[in-house]
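Visitor: Compact mmCIF, C-alpha atoms, file entry.txt:
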# COMPACT_ATOMS: atom_id res chain seq x y z
CA MET J 1 0.00 0.00 0.00
CA ARG J 2 1.19 3.51 -0.73
CA LYS J 3 0.59 6.49 1.50
CA THR J 4 -0.21 9.38 -0.86
CA PRO J 5 -3.01 11.28 0.82
CA LEU J 6 -1.81 14.73 -0.19
CA ALA J 7 -1.52 13.80 -3.85
CA LEU J 8 -4.93 12.17 -3.72
CA VAL J 9 -6.51 15.18 -2.05
CA ALA J 10 -4.96 17.51 -4.63
CA LEU J 11 -6.62 15.52 -7.41
CA VAL J 12 -9.91 15.50 -5.55
CA MET J 13 -9.99 19.23 -4.92
CA LEU J 14 -9.16 19.98 -8.53
CA GLY J 15 -12.17 17.91 -9.53
CA LEU J 16 -14.35 19.48 -6.83
CA SER J 17 -14.05 22.92 -8.40
CA SER J 18 -15.96 21.65 -11.42
CA GLY J 19 -18.53 19.72 -9.42
CA GLY J 20 -16.95 16.26 -9.61
CA SER J 21 -13.86 14.70 -8.11
CA ALA J 22 -11.26 12.01 -8.65
CA GLN J 23 -12.12 8.55 -7.39
CA ALA J 24 -9.36 6.13 -6.45
CA PRO J 25 -10.26 2.49 -7.34
CA LEU J 26 -8.97 1.21 -3.96
CA THR J 27 -8.52 3.35 -0.86
CA VAL J 28 -7.74 2.37 2.73
CA LEU J 29 -8.79 4.77 5.49
CA ARG J 30 -6.98 4.45 8.81
CA PRO J 31 -8.56 6.41 11.68
CA ALA J 32 -8.13 5.86 15.42
CA ARG J 33 -11.55 4.22 15.62
CA VAL J 34 -14.66 3.40 13.59
CA PHE J 35 -18.28 3.94 14.67
CA ASP J 36 -20.11 1.51 12.41
CA GLY J 37 -23.58 2.90 13.08
CA ASP J 38 -24.07 0.86 16.23
CA THR J 39 -20.73 0.28 17.99
CA VAL J 40 -17.31 1.91 18.31
CA HIS J 41 -14.28 -0.16 17.30
CA GLU J 42 -10.80 0.97 18.28
CA GLY J 43 -7.99 0.41 15.80
CA TRP J 44 -10.20 -0.45 12.85
CA ALA J 45 -9.71 0.58 9.22
CA VAL J 46 -12.01 0.82 6.21
CA ARG J 47 -11.23 -0.27 2.65
CA VAL J 48 -13.16 1.33 -0.20
CA ARG J 49 -13.37 -0.03 -3.73
CA ASN J 50 -14.86 2.42 -6.20
CA ASP J 51 -18.17 3.60 -4.65
CA ARG J 52 -18.61 0.79 -2.10
CA ILE J 53 -17.14 -0.24 1.24
CA ASP J 54 -15.07 -3.32 0.46
CA ALA J 55 -13.91 -4.29 3.93
CA VAL J 56 -13.88 -3.04 7.50
CA GLY J 57 -12.11 -4.44 10.55
CA PRO J 58 -8.86 -4.39 12.54
CA ALA J 59 -6.30 -2.28 10.69
CA ASN J 60 -3.82 -5.16 10.37
CA THR J 61 -6.43 -7.18 8.45
CA VAL J 62 -7.66 -4.44 6.12
CA GLY J 63 -5.28 -3.59 3.31
CA ALA J 64 -4.51 -4.34 -0.30
CA ALA J 65 -1.56 -4.11 -2.64
CA GLY J 66 -1.58 -0.86 -4.59
CA ALA J 67 -4.22 0.80 -2.42
CA VAL J 68 -3.99 4.49 -1.60
CA VAL J 69 -3.76 4.90 2.18
CA VAL J 70 -5.31 7.89 3.91
CA ASP J 71 -4.10 8.17 7.49
CA LEU J 72 -6.56 9.92 9.82
CA PRO J 73 -4.87 9.85 13.25
CA GLY J 74 -6.95 10.85 16.26
CA THR J 75 -10.22 10.67 14.35
CA THR J 76 -13.39 8.61 14.40
CA ILE J 77 -14.86 7.45 11.12
CA THR J 78 -18.66 7.33 11.07
CA PRO J 79 -21.20 6.67 8.35
CA GLY J 80 -21.89 9.84 6.40
CA LEU J 81 -24.38 11.81 8.47
CA ILE J 82 -28.06 12.26 7.57
CA GLU J 83 -29.96 15.55 7.72
CA GLY J 84 -33.62 14.61 7.98
CA HIS J 85 -35.21 18.06 7.57
CA SER J 86 -33.57 20.63 5.35
CA HIS J 87 -34.60 23.49 3.07
CA VAL J 88 -31.67 24.15 0.74
CA LEU J 89 -33.63 26.86 -1.10
CA LEU J 90 -33.87 28.97 2.06
CA HIS J 91 -31.18 30.94 3.86
CA PRO J 92 -31.12 32.18 7.47
CA TYR J 93 -34.14 34.19 8.54
CA ASN J 94 -31.96 36.72 10.36
CA GLU J 95 -30.56 37.60 6.92
CA THR J 96 -33.88 37.79 5.07
CA ARG J 97 -37.37 37.03 6.35
CA TRP J 98 -39.09 33.96 4.93
CA GLU J 99 -41.81 36.11 3.36
CA ASP J 100 -39.25 38.22 1.50
CA GLN J 101 -37.30 35.19 0.31
CA VAL J 102 -40.47 33.67 -1.16
CA ALA J 103 -41.91 36.88 -2.60
CA HIS J 104 -38.84 38.84 -3.67
CA GLU J 105 -35.98 36.44 -4.47
CA GLY J 106 -36.09 34.90 -7.94
CA PHE J 107 -35.42 31.29 -8.85
CA ALA J 108 -31.94 31.93 -10.26
CA LEU J 109 -30.83 33.70 -7.10
CA ARG J 110 -32.29 31.01 -4.87
CA VAL J 111 -30.73 28.17 -6.86
CA ALA J 112 -27.36 29.94 -6.77
CA ARG J 113 -27.59 30.11 -2.99
CA ALA J 114 -28.76 26.50 -2.81
CA THR J 115 -25.68 25.36 -4.72
CA ASN J 116 -23.51 26.84 -1.97
CA HIS J 117 -25.80 25.39 0.70
CA LEU J 118 -25.40 21.89 -0.72
CA ARG J 119 -21.63 22.14 -0.77
CA ALA J 120 -21.50 23.48 2.81
CA THR J 121 -23.73 20.64 4.02
CA LEU J 122 -21.59 18.00 2.35
CA LEU J 123 -18.34 19.42 3.73
CA ALA J 124 -19.90 19.36 7.22
CA GLY J 125 -20.06 15.56 6.94
CA PHE J 126 -23.72 15.23 5.93
CA THR J 127 -23.85 13.03 2.85
CA THR J 128 -27.64 12.55 2.68
CA ILE J 129 -30.43 15.06 3.18
CA ARG J 130 -34.19 14.96 3.02
CA ASP J 131 -35.23 18.37 1.74
CA LEU J 132 -38.77 19.11 2.86
CA GLY J 133 -40.11 21.76 0.55
CA THR J 134 -38.96 24.35 -1.96
CA GLU J 135 -40.91 27.16 -0.24
CA GLY J 136 -42.08 28.85 -3.42
CA ALA J 137 -39.26 27.65 -5.68
CA GLN J 138 -41.55 25.16 -7.43
CA TYR J 139 -39.62 22.01 -8.49
CA ALA J 140 -36.07 23.37 -8.20
CA ASP J 141 -35.21 20.66 -5.66
CA VAL J 142 -35.72 17.93 -8.26
CA GLU J 143 -33.34 19.68 -10.63
CA LEU J 144 -30.76 20.33 -7.89
CA LYS J 145 -30.91 16.64 -7.05
CA GLU J 146 -30.24 15.81 -10.69
CA ALA J 147 -27.33 18.26 -10.79
CA VAL J 148 -25.78 16.53 -7.77
CA ASN J 149 -26.37 13.06 -9.24
CA ARG J 150 -24.77 14.08 -12.54
CA GLY J 151 -21.73 15.52 -10.79
CA ILE J 152 -22.44 19.04 -12.01
CA ILE J 153 -22.29 20.39 -8.45
CA PRO J 154 -21.03 18.79 -5.22
CA GLY J 155 -23.63 18.01 -2.62
CA PRO J 156 -25.23 15.35 -0.45
CA ARG J 157 -27.59 12.71 -1.76
CA MET J 158 -31.02 14.33 -1.88
CA LEU J 159 -34.51 13.07 -1.12
CA VAL J 160 -36.99 15.73 -2.23
CA VAL J 161 -40.69 16.56 -1.86
CA THR J 162 -41.12 19.39 -4.42
CA ARG J 163 -43.87 21.68 -3.08
CA ALA J 164 -45.26 20.95 0.38
CA ILE J 165 -49.03 20.46 0.42
CA VAL J 166 -51.18 22.86 2.44
CA ALA J 167 -54.91 23.40 2.89
CA THR J 168 -56.32 26.36 0.97
CA GLY J 169 -56.04 29.64 2.84
CA SER J 170 -53.81 28.29 5.58
CA TYR J 171 -50.29 29.14 4.42
CA ALA J 172 -48.35 32.22 3.30
CA PRO J 173 -47.08 34.73 2.29
CA LYS J 174 -50.00 36.85 3.44
CA GLY J 175 -50.57 40.55 4.01
CA PHE J 176 -51.43 41.55 0.43
CA VAL J 177 -54.69 43.17 -0.61
CA LEU J 178 -57.47 40.61 -0.45
CA GLU J 179 -58.36 40.75 -4.14
CA TRP J 180 -54.87 39.52 -5.09
CA ARG J 181 -54.12 35.81 -5.26
CA VAL J 182 -50.44 35.65 -4.34
CA PRO J 183 -48.37 32.55 -5.23
CA GLN J 184 -47.92 30.55 -2.05
CA GLY J 185 -44.82 28.99 -0.52
CA ALA J 186 -46.48 25.58 -0.95
CA GLU J 187 -49.18 23.92 -3.06
CA GLU J 188 -52.79 24.24 -1.98
CA ALA J 189 -55.06 21.19 -2.20
CA ASP J 190 -58.32 20.11 -0.58
CA GLY J 191 -60.84 17.30 -0.66
CA VAL J 192 -60.76 13.90 -2.28
CA ASP J 193 -60.27 15.00 -5.87
CA GLY J 194 -57.83 17.82 -5.16
CA LEU J 195 -55.53 15.91 -2.83
CA THR J 196 -55.44 12.84 -5.03
CA ARG J 197 -54.48 14.92 -8.05
CA VAL J 198 -51.80 16.95 -6.26
CA VAL J 199 -50.15 13.96 -4.55
CA ARG J 200 -50.00 12.09 -7.84
CA ASP J 201 -48.75 15.16 -9.69
CA GLN J 202 -45.91 15.75 -7.22
CA ILE J 203 -44.83 12.11 -7.42
CA GLY J 204 -44.92 12.37 -11.20
CA ARG J 205 -42.65 15.41 -11.04
CA GLY J 206 -40.03 13.59 -8.99
CA ALA J 207 -41.04 13.69 -5.31
CA ASP J 208 -39.34 10.98 -3.22
CA TRP J 209 -41.51 11.90 -0.22
CA ILE J 210 -44.74 13.85 0.19
CA LYS J 211 -44.76 16.68 2.72
CA MET J 212 -48.05 17.90 4.21
CA TYR J 213 -48.88 20.61 6.73
CA GLY J 214 -51.17 18.92 9.24
CA ASP J 215 -51.62 22.12 11.22
CA TYR J 216 -50.62 25.77 11.01
CA PRO J 217 -51.53 29.17 12.53
CA TRP J 218 -54.74 30.03 10.66
CA GLY J 219 -58.23 31.21 11.52
CA PRO J 220 -59.30 33.91 13.99
CA LEU J 221 -57.84 32.28 17.11
CA PRO J 222 -54.14 32.47 18.03
CA GLY J 223 -51.86 29.48 17.67
CA ALA J 224 -51.76 26.54 15.28
CA HIS J 225 -54.86 24.53 14.38
CA PRO J 226 -55.39 21.36 12.29
CA THR J 227 -55.79 22.03 8.59
CA PHE J 228 -56.76 18.74 6.93
CA SER J 229 -59.56 16.50 8.13
CA GLN J 230 -58.81 12.91 9.12
CA GLU J 231 -60.38 11.72 5.88
CA GLU J 232 -58.25 14.07 3.76
CA MET J 233 -55.03 13.16 5.56
CA THR J 234 -55.70 9.43 5.27
CA LEU J 235 -56.56 9.75 1.59
CA ALA J 236 -53.30 11.58 0.82
CA VAL J 237 -51.20 8.97 2.65
CA GLU J 238 -52.97 6.09 0.93
CA THR J 239 -52.56 7.72 -2.48
CA ALA J 240 -48.81 8.17 -1.93
CA ARG J 241 -48.50 4.63 -0.56
CA SER J 242 -49.68 3.25 -3.91
CA ALA J 243 -46.42 4.56 -5.38
CA ALA J 244 -44.38 3.44 -2.33
CA VAL J 245 -43.83 7.09 -1.43
CA PRO J 246 -43.84 7.88 2.31
CA VAL J 247 -45.41 10.99 3.83
CA ALA J 248 -43.91 13.50 6.28
CA VAL J 249 -46.34 15.73 8.17
CA HIS J 250 -45.60 19.09 9.75
CA ALA J 251 -47.55 18.96 13.01
CA THR J 252 -47.09 20.92 16.21
CA THR J 253 -50.44 20.37 17.95
CA PRO J 254 -51.67 17.16 19.60
CA GLU J 255 -54.66 16.93 17.24
CA GLY J 256 -52.60 17.64 14.13
CA MET J 257 -50.14 14.95 15.22
CA ARG J 258 -52.92 12.48 16.05
CA ARG J 259 -54.54 12.80 12.63
CA ALA J 260 -51.19 12.33 10.87
CA ILE J 261 -50.33 9.27 12.97
CA LEU J 262 -53.71 7.62 12.39
CA ALA J 263 -53.44 8.37 8.66
CA GLY J 264 -50.19 6.39 8.46
CA ALA J 265 -47.60 9.15 8.09
CA ALA J 266 -44.00 7.94 8.25
CA THR J 267 -42.65 10.93 10.18
CA ILE J 268 -43.95 13.81 12.24
CA GLU J 269 -41.98 17.03 11.79
CA HIS J 270 -41.46 19.26 14.86
CA GLY J 271 -43.99 17.76 17.30
CA ASP J 272 -43.67 20.71 19.68
CA GLY J 273 -46.99 20.07 21.42
CA GLY J 274 -46.64 16.31 21.67
CA THR J 275 -48.00 14.68 24.81
CA SER J 276 -47.17 11.35 26.44
CA GLU J 277 -50.38 9.91 24.94
CA ILE J 278 -49.50 11.13 21.45
CA PHE J 279 -45.95 9.80 21.70
CA LYS J 280 -47.28 6.45 22.90
CA LEU J 281 -49.49 6.35 19.79
CA MET J 282 -46.44 7.12 17.63
CA VAL J 283 -44.62 4.13 19.13
CA GLU J 284 -47.63 1.87 18.56
CA ARG J 285 -47.99 2.99 14.93
CA ARG J 286 -44.21 3.06 14.31
CA VAL J 287 -44.13 6.73 13.36
CA ALA J 288 -40.79 8.52 13.75
CA LEU J 289 -40.27 12.02 15.09
CA CYS J 290 -38.04 14.58 13.40
CA PRO J 291 -37.82 17.07 16.29
CA THR J 292 -36.06 20.09 14.69
CA LEU J 293 -34.77 21.36 18.03
CA ALA J 294 -32.36 23.70 16.26
CA VAL J 295 -35.04 25.76 14.54
CA VAL J 296 -36.67 26.84 17.81
CA ASP J 297 -33.23 27.56 19.25
CA ALA J 298 -32.37 29.70 16.21
CA THR J 299 -35.62 31.66 16.00
CA SER J 300 -35.54 32.33 19.76
CA GLN J 301 -32.08 33.79 19.40
CA TYR J 302 -33.19 35.86 16.41
CA ALA J 303 -35.90 37.27 18.69
CA GLY J 304 -33.26 38.41 21.18
CA TRP J 305 -32.84 35.47 23.56
CA LYS J 306 -29.23 34.94 24.69
CA ARG J 307 -28.54 31.30 25.44
CA GLY J 308 -26.79 30.82 28.77
CA GLN J 309 -27.38 34.43 29.78
CA GLN J 310 -31.16 34.58 30.06
CA PRO J 311 -33.93 32.23 31.21
CA GLU J 312 -35.31 29.95 28.51
CA PRO J 313 -38.32 31.39 26.67
CA PRO J 314 -41.53 29.32 26.76
CA SER J 315 -40.96 27.96 23.24
CA ILE J 316 -37.58 26.49 24.24
CA ALA J 317 -38.94 25.07 27.51
CA GLN J 318 -41.85 23.44 25.66
CA LYS J 319 -39.54 21.98 23.03
CA ARG J 320 -37.22 20.54 25.66
CA GLU J 321 -40.07 18.93 27.60
CA SER J 322 -41.80 17.48 24.54
CA PHE J 323 -38.51 16.00 23.32
CA LYS J 324 -37.89 14.44 26.73
CA ALA J 325 -41.41 12.98 26.68
CA ALA J 326 -40.74 11.49 23.24
CA LEU J 327 -37.51 9.91 24.48
CA GLN J 328 -39.24 8.53 27.57
CA ALA J 329 -41.97 6.99 25.41
CA GLY J 330 -39.40 5.31 23.16
CA VAL J 331 -40.27 7.20 19.96
CA THR J 332 -37.89 6.62 17.05
CA ILE J 333 -35.93 9.82 16.46
CA LEU J 334 -34.69 11.00 13.06
CA SER J 335 -32.16 13.80 13.29
CA GLY J 336 -33.49 16.82 11.41
CA SER J 337 -32.73 20.45 12.08
CA ASP J 338 -34.78 22.60 9.65
CA ALA J 339 -31.52 23.93 8.23
CA GLY J 340 -32.24 26.95 6.08
CA VAL J 341 -33.85 28.79 8.97
CA PHE J 342 -30.23 28.93 10.14
CA ALA J 343 -27.03 28.40 8.16
CA HIS J 344 -26.52 25.27 6.09
CA GLY J 345 -23.37 23.48 7.21
CA ASP J 346 -24.28 24.14 10.85
CA ASN J 347 -26.39 20.96 10.89
CA ALA J 348 -24.49 19.45 13.85
CA ARG J 349 -26.35 21.99 15.96
CA GLU J 350 -29.31 19.60 16.05
CA LEU J 351 -27.30 16.70 17.48
CA GLU J 352 -25.73 18.96 20.09
CA LEU J 353 -29.19 20.03 21.25
CA MET J 354 -30.44 16.45 21.30
CA VAL J 355 -27.68 15.63 23.76
CA ALA J 356 -28.29 18.82 25.76
CA TYR J 357 -31.97 17.86 26.02
CA GLY J 358 -31.30 14.36 27.34
CA MET J 359 -30.22 12.02 24.54
CA THR J 360 -26.95 10.13 24.81
CA PRO J 361 -24.27 11.02 22.24
CA VAL J 362 -24.44 7.48 20.81
CA ALA J 363 -28.22 7.62 20.43
CA ALA J 364 -27.99 11.05 18.81
CA LEU J 365 -25.37 9.78 16.39
CA LYS J 366 -27.53 6.77 15.53
CA SER J 367 -30.43 9.13 14.75
CA ALA J 368 -28.23 10.63 12.04
CA THR J 369 -26.80 7.32 10.78
CA SER J 370 -28.25 3.81 11.20
CA VAL J 371 -31.63 4.81 12.66
CA GLY J 372 -31.97 7.72 10.24
CA ALA J 373 -31.26 5.43 7.29
CA ARG J 374 -34.02 3.05 8.39
CA VAL J 375 -36.53 5.88 8.76
CA LEU J 376 -35.66 7.15 5.28
CA ARG J 377 -35.82 3.59 3.88
CA LEU J 378 -32.20 3.69 2.75
CA GLU J 379 -30.78 1.18 5.23
CA ARG J 380 -29.55 -1.15 2.48
CA GLU J 381 -27.25 1.54 1.14
CA ILE J 382 -26.25 4.01 3.86
CA GLY J 383 -26.18 4.54 7.62
CA GLN J 384 -23.66 1.84 8.51
CA VAL J 385 -19.99 1.16 7.89
CA ARG J 386 -20.27 -2.35 6.47
CA PRO J 387 -19.03 -4.24 3.42
CA GLY J 388 -21.27 -3.71 0.43
CA GLY J 389 -22.72 -0.41 1.61
CA LEU J 390 -22.17 2.83 -0.23
CA ALA J 391 -18.87 4.48 0.72
CA ASP J 392 -20.45 7.45 2.49
CA LEU J 393 -18.03 8.21 5.32
CA ALA J 394 -16.99 11.10 7.53
CA ALA J 395 -14.13 11.42 10.01
CA PHE J 396 -14.16 13.74 13.00
CA GLU J 397 -11.32 14.72 15.31
CA GLY J 398 -12.01 13.05 18.64
CA ASP J 399 -14.87 10.68 19.44
CA PRO J 400 -18.43 11.95 18.82
CA THR J 401 -19.88 8.93 20.67
CA THR J 402 -18.59 10.44 23.92
CA ASP J 403 -18.32 14.13 22.96
CA VAL J 404 -20.91 15.28 20.43
CA SER J 405 -18.99 18.54 19.85
CA ALA J 406 -16.48 16.44 17.87
CA LEU J 407 -18.98 16.65 14.99
CA ARG J 408 -17.81 20.25 14.55
CA ARG J 409 -14.25 19.07 13.82
CA VAL J 410 -14.67 17.54 10.36
CA LYS J 411 -11.44 16.14 8.97
CA PHE J 412 -12.60 13.94 6.11
CA VAL J 413 -15.71 13.49 3.96
CA MET J 414 -16.35 10.82 1.33
CA LYS J 415 -19.54 10.25 -0.64
CA ASN J 416 -19.97 7.34 -3.04
CA GLY J 417 -16.24 6.61 -2.73
CA THR J 418 -15.23 10.12 -3.74
CA ILE J 419 -13.25 12.25 -1.31
CA TYR J 420 -14.56 15.78 -0.90
CA LYS J 421 -12.63 16.87 2.19
CA SER J 422 -9.35 15.72 3.75
Can you present the structure in this file as structure tokens?
Guide:
Amino acid sequence: MRKTPLALVALVMLGLSSGGSAQAPLTVLRPARVFDGDTVHEGWAVRVRNDRIDAVGPANTVGAAGAVVVDLPGTTITPGLIEGHSHVLLHPYNETRWEDQVAHEGFALRVARATNHLRATLLAGFTTIRDLGTEGAQYADVELKEAVNRGIIPGPRMLVVTRAIVATGSYAPKGFVLEWRVPQGAEEADGVDGLTRVVRDQIGRGADWIKMYGDYPWGPLPGAHPTFSQEEMTLAVETARSAAVPVAVHATTPEGMRRAILAGAATIEHGDGGTSEIFKLMVERRVALCPTLAVVDATSQYAGWKRGQQPEPPSIAQKRESFKAALQAGVTILSGSDAGVFAHGDNARELELMVAYGMTPVAALKSATSVGARVLRLEREIGQVRPGGLADLAAFEGDPTTDVSALRRVKFVMKNGTIYKS
């Protein structure tokens, strides 16, 4: 074996500037330890052949004549991380309000930003994302996914939903004169005929998942309220199921969550108002929670809250308690941050908050690797460091299974056997 990491990285970075990168036919990665998606193994190495993991085990048993060796001392190799709730066509709300992004930023500008967002996410060690809505940018997520798959731009593997589905009159942007019908940040649909048509249309346009808003602040009373009836929600899930497409539901109220769970949704997004009874129902129906702790943390800070210097606002306290209740009930957790509300590439923020709110570092890491892959129905390809799986790997200085802040210290990123950072 020949140790030529610098030469290899030089080739890779030259390719990265044009959206692709060099791929060595046989590469051996030698970190201090390997987290395989379930367990930490000291002194292990990983051998990659083309785009697949070829072997993994004790370093003295993993090698091959002519392989390029990449030494990663002091690091932990993990499966490439999963971001379960992203919006690559949005940028931080403290830069530009959501309403102004949707109403005043054109497609070309938003796609240009998204290209940078995808690269930043990949270089942070996140090799797969589920992007949950273009927020007014129509079907740009499908085309960004194609650009990544073709090697035109670097980025994580993308699962996309196109336009989230909302009940008529319940979404935004609002505030215009009433006689104007303003294009919405999602697609409106109602009733049996409307929902069936829209779900099928989105799948036909390339949606890997369907995203619905099960509740939202609408009507004369303050706070969020359910938007779709039980019959409508169930119909949409059953229509998507015919094409083997799972459904994610934005729901923050107990009733919105209950309707989504009973309808057969695969994941609940946010779940701020979840109760012990609702979380028990999620466990019974095998529905996962994508908690998006980071979005509440970010928006609270945008509103002036100073973490560590001031008492927690009610929104943070509620989020912490509902997350603890979900953990206590045994709900399956998919790591998802709502990146886009805050900066892309800062996705590790979600895992840090999971640990701060009571999850163990190992469990948090599983939610972004092996458990996350199962929730996204990609467990045959990603989420574990095992022979035959896709060579999606990241290395972090230190050991994130004992210190989650290690996820900030990214030393190496590989996706599909191609090195993007070293």
Visitor: What lies within 7 Å of Thr134 in chain J using only C-alpha atoms, ignoring chain neighbours under 4 positions off, as a ChimeraX atom specification?
Guide: /J:87,89,138-141,162-163
Visitor: Counting only C-alpha atoms, which of J:Pro400, J:Pro246, J:Gly206, J:Gly271 gets nearest to Ala224 in chain J?
Guide: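 Checking each of J:Pro400, J:Pro246, J:Gly206, J:Gly271 against Ala224 in chain J, counting only C-alpha atoms, the winner is J:Gly271.
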Visitor: Pick out the residues sitting within 12 Å of Ser300 in chain J, and hand them over as a list in words; count only C-alpha atoms, and ignore anything fewer than 2 positions along from it in its own chain.
Guide: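 That gives Tyr93, Asn94, Leu293, Ala294, Val295, Val296, Asp297, Ala298, Tyr302, Ala303, Gly304, Trp305, Lys306, Arg307, Gln310, Pro311, Glu312, Pro313, Pro314, Ser315, Ile316, Ala317, Lys319, Val341 and Phe342 of chain J.
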Visitor: I'd like to know which of J:Val62, J:Val34, J:Val237, J:Leu353 is closest to Thr401 in chain J, using only C-alpha atoms.
Guide: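 Ranked by minimum distance to Thr401 in chain J, first place goes to J:Val34.
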Visitor: Just to confirm, what's the straight-line distance from CA of Ala265 in chain J to CA of Pro156 in chain J in Å (one decimal)?
Guide: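 Separation of CA of Ala265 in chain J and CA of Pro156 in chain J: 24.7 Å.
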Visitor: Quick one: of J:Arg241, J:Arg374, J:Lys280, J:His344, who's nearest to Leu123 in chain J, counting only C-alpha atoms?
Guide: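 Of J:Arg241, J:Arg374, J:Lys280, J:His344, the one nearest Leu123 in chain J, counting only C-alpha atoms, is J:His344.
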Visitor: Please, what distance in Å, to one decimal, runs between CA of Glu188 in chain J and CA of Tyr213 in chain J?
Guide: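 Separating CA of Glu188 in chain J from CA of Tyr213 in chain J is a distance of 10.2 Å.
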